[in-house]
>>> print(open('data35.pdb').read())   # PDB, C-alpha atoms
ATOM      1  CA  MET W 714      -7.500  -4.591  -4.283
ATOM      2  CA  ARG W 715      -6.559  -4.639  -0.612
ATOM      3  CA  ILE W 716      -3.151  -3.761   0.781
ATOM      4  CA  GLN W 717      -2.163  -4.936   4.237
ATOM      5  CA  ILE W 718       0.655  -3.329   6.223
ATOM      6  CA  SER W 719       2.421  -5.220   8.989
ATOM      7  CA  ASP W 720       2.706  -2.156  11.246
ATOM      8  CA  PRO W 721      -0.595  -0.230  11.230
ATOM      9  CA  SER W 722       1.064   2.818  12.787
ATOM     10  CA  SER W 723       2.972   3.233   9.491
ATOM     11  CA  THR W 724      -0.235   3.564   7.453
ATOM     12  CA  PRO W 725       0.002   7.377   7.141
ATOM     13  CA  GLN W 726       3.530   7.064   5.721
ATOM     14  CA  LEU W 727       2.365   4.377   3.298
ATOM     15  CA  ILE W 728      -0.528   6.590   2.169
ATOM     16  CA  LEU W 729       1.888   9.436   1.453
ATOM     17  CA  PHE W 730       4.219   7.054  -0.387
ATOM     18  CA  LEU W 731       1.343   5.746  -2.521
ATOM     19  CA  ARG W 732       0.188   9.282  -3.361
ATOM     20  CA  ASN W 733       3.708  10.330  -4.310
ATOM     21  CA  SER W 734       3.893   7.246  -6.549
ATOM     22  CA  GLY W 735       0.785   8.256  -8.483
ATOM     23  CA  ILE W 736      -1.716   6.035  -6.656
ATOM     24  CA  ALA W 737      -4.380   8.397  -5.406
ATOM     25  CA  ALA W 738      -7.569   6.330  -5.587
ATOM     26  CA  PHE W 739      -7.750   4.449  -2.310
ATOM     27  CA  ARG W 740      -9.449   4.524   1.049
ATOM     28  CA  LYS W 741      -8.683   3.225   4.506
ATOM     29  CA  ALA W 742     -10.349  -0.055   5.349
ATOM     30  CA  LYS W 743      -9.960  -1.770   8.674
ATOM     31  CA  GLU W 744      -6.887  -1.274  10.871
ATOM     32  CA  GLY W 745      -3.730  -1.937   8.877
ATOM     33  CA  GLU W 746      -5.446  -2.199   5.481
ATOM     34  CA  LEU W 747      -6.118   0.062   2.516
ATOM     35  CA  ASN W 748      -8.440  -0.528  -0.412
ATOM     36  CA  VAL W 749      -6.933   0.607  -3.705
ATOM     37  CA  ILE W 750      -9.409   1.285  -6.476
ATOM     38  CA  GLY W 751      -8.400  -0.509  -9.660
ATOM     39  CA  ASP W 752      -8.178  -4.215 -10.312
ATOM     40  CA  SER W 753      -6.842  -4.155 -13.852
ATOM     41  CA  THR W 754      -3.654  -6.033 -14.553
ATOM     42  CA  ASP W 755      -1.803  -2.753 -15.121
ATOM     43  CA  ALA W 756      -2.989  -1.382 -11.765
ATOM     44  CA  VAL W 757      -1.915  -4.520  -9.900
ATOM     45  CA  VAL W 758       1.503  -4.485 -11.553
ATOM     46  CA  HIS W 759       1.987  -0.797 -10.741
ATOM     47  CA  VAL W 760       0.890  -1.178  -7.103
ATOM     48  CA  GLN W 761       3.103  -4.256  -6.679
ATOM     49  CA  ALA W 762       6.109  -2.342  -8.008
ATOM     50  CA  VAL W 763       5.419   0.540  -5.619
ATOM     51  CA  LEU W 764       5.054  -1.862  -2.678
ATOM     52  CA  THR W 765       8.321  -3.573  -3.596
ATOM     53  CA  THR W 766      10.067  -0.202  -3.390
ATOM     54  CA  TRP W 767       8.307   0.542  -0.074
ATOM     55  CA  ASN W 768       9.333  -2.845   1.377
ATOM     56  CA  ASP W 769      12.942  -2.408   0.274
ATOM     57  CA  SER W 770      13.191   0.820   2.264
ATOM     58  CA  HIS W 771      10.955  -0.056   5.255
ATOM     59  CA  GLU W 772      12.039  -3.334   6.803
ATOM     60  CA  ASP W 773       9.957  -2.739   9.928
ATOM     61  CA  ALA W 774       6.645  -2.122   8.091
ATOM     62  CA  THR W 775       6.105  -4.333   5.067
ATOM     63  CA  ALA W 776       3.073  -3.985   2.826
ATOM     64  CA  LYS W 777       1.525  -6.540   0.480
ATOM     65  CA  ILE W 778      -1.507  -7.061  -1.716
ATOM     66  CA  VAL W 779      -3.876  -9.454   0.046
ATOM     67  CA  GLY W 780      -6.936  -9.387  -2.157
TER      68      GLY W 780
END
>>> encode(input="data35.pdb", output="structure tokens")
Amino acid sequence: MRIQISDPSSTPQLILFLRNSGIAAFRKAKEGELNVIGDSTDAVVHVQAVLTTWNDSHEDATAKIVG
């Protein structure tokens, strides 16, 4: 699945946040996007929950699943 972040300069902080949340299987894609390995329903639900927490604490750099 792909994650897009509204402020690409915040990507390193998002990567750290994902790792600290137990999501370690991903790679950088194009500017402002990450590819997370895992498309199962459980993986999507977990990533969405992590991104909701991220968005609640980072109003200036929101992240969302885009594919």
>>> residues_around(input="data35.pdb", residues="region 764-767 of chain W", least_positions_apart="5", cutoff="8 Å", atoms="all atoms listed in the file", output="list of chain:residue names")
W:Leu727, W:Phe730, W:Thr775, W:Ala776, W:Lys777
>>> closest_residue(input="data35.pdb", among="W:Ala756, W:Val763, W:Ala742, W:Val779", to="Thr724 (chain W)", atoms="only C-alpha atoms")
W:Ala742
>>> residues_around(input="data35.pdb", residues="Gly751 (chain W)", least_positions_apart="5", cutoff="9 Å", atoms="all atoms listed in the file", output="list in words")
Met714, Ala738, Phe739, Ala756 and Val757 of chain W
>>> closest_residue(input="data35.pdb", among="W:Ser770, W:Gln761, W:Ala737, W:Glu744", to="Asp720 (chain W)", atoms="only C-alpha atoms")
W:Glu744
>>> resolve_selection(input="data35.pdb", expression="the PyMOL selection byres ((chain W and resi 725) around 12)", output="PyMOL selection string")
chain W and resi 718+720-724+726-732+740-741+744-747+774
